file my_file_10.cif (mmCIF, C-alpha atoms)
data_my_file
loop_
_atom_site.group_PDB
_atom_site.id
_atom_site.type_symbol
_atom_site.label_atom_id
_atom_site.label_comp_id
_atom_site.auth_asym_id
_atom_site.auth_seq_id
_atom_site.Cartn_x
_atom_site.Cartn_y
_atom_site.Cartn_z
ATOM 1 C CA MET A 1 97.502 -238.874 103.201
ATOM 2 C CA TRP A 2 94.360 -239.834 105.081
ATOM 3 C CA LEU A 3 92.542 -237.873 107.745
ATOM 4 C CA GLU A 4 89.899 -239.942 109.456
ATOM 5 C CA THR A 5 87.325 -239.198 112.129
ATOM 6 C CA GLN A 6 84.394 -241.226 113.340
ATOM 7 C CA CYS A 7 82.134 -239.642 110.697
ATOM 8 C CA LEU A 8 84.472 -238.584 107.896
ATOM 9 C CA ILE A 9 87.403 -239.802 105.833
ATOM 10 C CA LEU A 10 89.424 -237.255 103.833
ATOM 11 C CA ARG A 11 91.996 -238.489 101.367
ATOM 12 C CA GLU A 12 93.889 -237.275 98.353
ATOM 13 C CA PHE A 13 92.192 -237.401 94.967
ATOM 14 C CA GLN A 14 93.149 -240.283 92.698
ATOM 15 C CA LEU A 15 92.734 -240.631 88.933
ATOM 16 C CA GLU A 16 90.167 -243.350 89.605
ATOM 17 C CA ASP A 17 87.895 -240.733 91.232
ATOM 18 C CA LEU A 18 87.100 -239.082 87.901
ATOM 19 C CA SER A 19 84.177 -241.383 87.042
ATOM 20 C CA GLN A 20 82.369 -240.440 90.259
ATOM 21 C CA PHE A 21 83.533 -236.827 90.536
ATOM 22 C CA ALA A 22 82.722 -235.696 86.966
ATOM 23 C CA PRO A 23 78.934 -236.147 87.283
ATOM 24 C CA ILE A 24 78.960 -234.092 90.490
ATOM 25 C CA LEU A 25 80.759 -231.163 88.845
ATOM 26 C CA ALA A 26 78.477 -231.460 85.800
ATOM 27 C CA ASN A 27 75.327 -231.123 87.914
ATOM 28 C CA PRO A 28 73.815 -227.617 87.546
ATOM 29 C CA GLN A 29 72.320 -227.701 91.045
ATOM 30 C CA VAL A 30 75.616 -228.622 92.657
ATOM 31 C CA MET A 31 77.517 -225.984 90.697
ATOM 32 C CA LYS A 32 74.858 -223.276 90.945
ATOM 33 C CA PHE A 33 77.027 -220.927 93.008
ATOM 34 C CA SER A 34 80.381 -221.983 91.612
ATOM 35 C CA PRO A 35 82.264 -219.281 89.697
ATOM 36 C CA THR A 36 83.225 -221.899 87.090
ATOM 37 C CA GLY A 37 79.716 -223.202 86.474
ATOM 38 C CA ILE A 38 79.277 -226.807 85.383
ATOM 39 C CA LEU A 39 82.351 -228.668 84.182
ATOM 40 C CA SER A 40 82.780 -231.209 81.400
ATOM 41 C CA VAL A 41 84.538 -234.523 81.972
ATOM 42 C CA GLU A 42 87.627 -233.052 80.318
ATOM 43 C CA GLN A 43 87.583 -229.993 82.591
ATOM 44 C CA THR A 44 87.124 -232.219 85.631
ATOM 45 C CA GLN A 45 90.081 -234.347 84.510
ATOM 46 C CA ILE A 46 92.237 -231.213 84.364
ATOM 47 C CA LYS A 47 91.058 -230.232 87.851
ATOM 48 C CA VAL A 48 91.787 -233.690 89.304
ATOM 49 C CA ASN A 49 95.218 -233.701 87.660
ATOM 50 C CA SER A 50 95.977 -230.290 89.188
ATOM 51 C CA PHE A 51 94.880 -231.520 92.635
ATOM 52 C CA ILE A 52 97.171 -234.535 92.337
ATOM 53 C CA ALA A 53 100.096 -232.403 91.122
ATOM 54 C CA SER A 54 99.619 -229.963 93.999
ATOM 55 C CA TYR A 55 100.063 -232.684 96.637
ATOM 56 C CA ASN A 56 103.808 -232.567 96.035
ATOM 57 C CA ASN A 57 103.852 -228.886 97.014
ATOM 58 C CA ILE A 58 101.818 -229.075 100.220
ATOM 59 C CA THR A 59 103.084 -230.029 103.650
ATOM 60 C CA LEU A 60 100.610 -230.324 106.504
ATOM 61 C CA ASP A 61 101.539 -230.692 110.139
ATOM 62 C CA LEU A 62 98.616 -232.516 111.740
ATOM 63 C CA ASN A 63 100.261 -233.036 115.123
#

call {"tool": "encode", "arguments": {"input": "my_file_10.cif", "output": "structure tokens"}}
result
Amino acid sequence: MWLETQCLILREFQLEDLSQFAPILANPQVMKFSPTGILSVEQTQIKVNSFIASYNNITLDLN
């Protein structure tokens, strides 16, 4: 699913996103206030996999 505005595009995570997402979640400044703290590549992979799996359980009515 895509949600697009003039300034923003939201889409579902894909496995291909890991290479760009992992460095973000490994950055101490980004994760400073996160209850999980920084995440390894392996932990980020688990998180991305859980996001992807959850898409089958979510129904959004955007009308």

call {"tool": "atom_distance", "arguments": {"input": "my_file_10.cif", "atom1": "atom CA of A:Gln45", "atom2": "atom CA of A:Phe21"}}
result
9.2 Å

call {"tool": "atom_distance", "arguments": {"input": "my_file_10.cif", "atom1": "atom CA of A:Lys47", "atom2": "atom CA of A:Asp17"}}
result
11.5 Å

call {"tool": "residues_around", "arguments": {"input": "my_file_10.cif", "residues": "A:Pro28", "least_positions_apart": "5", "cutoff": "12 Å", "atoms": "only C-alpha atoms", "output": "compact mmCIF listing (two decimals) with C-alpha atoms, keeping the file's coordinate frame"}}
result
# COMPACT_ATOMS: atom_id res chain seq x y z
CA PRO A 23 78.93 -236.15 87.28
CA PHE A 33 77.03 -220.93 93.01
CA SER A 34 80.38 -221.98 91.61
CA THR A 36 83.22 -221.90 87.09
CA GLY A 37 79.72 -223.20 86.47
CA ILE A 38 79.28 -226.81 85.38
CA LEU A 39 82.35 -228.67 84.18
CA SER A 40 82.78 -231.21 81.40

call {"tool": "residues_around", "arguments": {"input": "my_file_10.cif", "residues": "stretch 51-54 of chain A", "least_positions_apart": "6", "cutoff": "12 Å", "atoms": "all atoms listed in the file", "output": "ChimeraX atom specification"}}
result
/A:1,11-18,44-45

call {"tool": "atom_distance", "arguments": {"input": "my_file_10.cif", "atom1": "atom CA of A:Val48", "atom2": "atom CA of A:Asn27"}}
result
16.7 Å
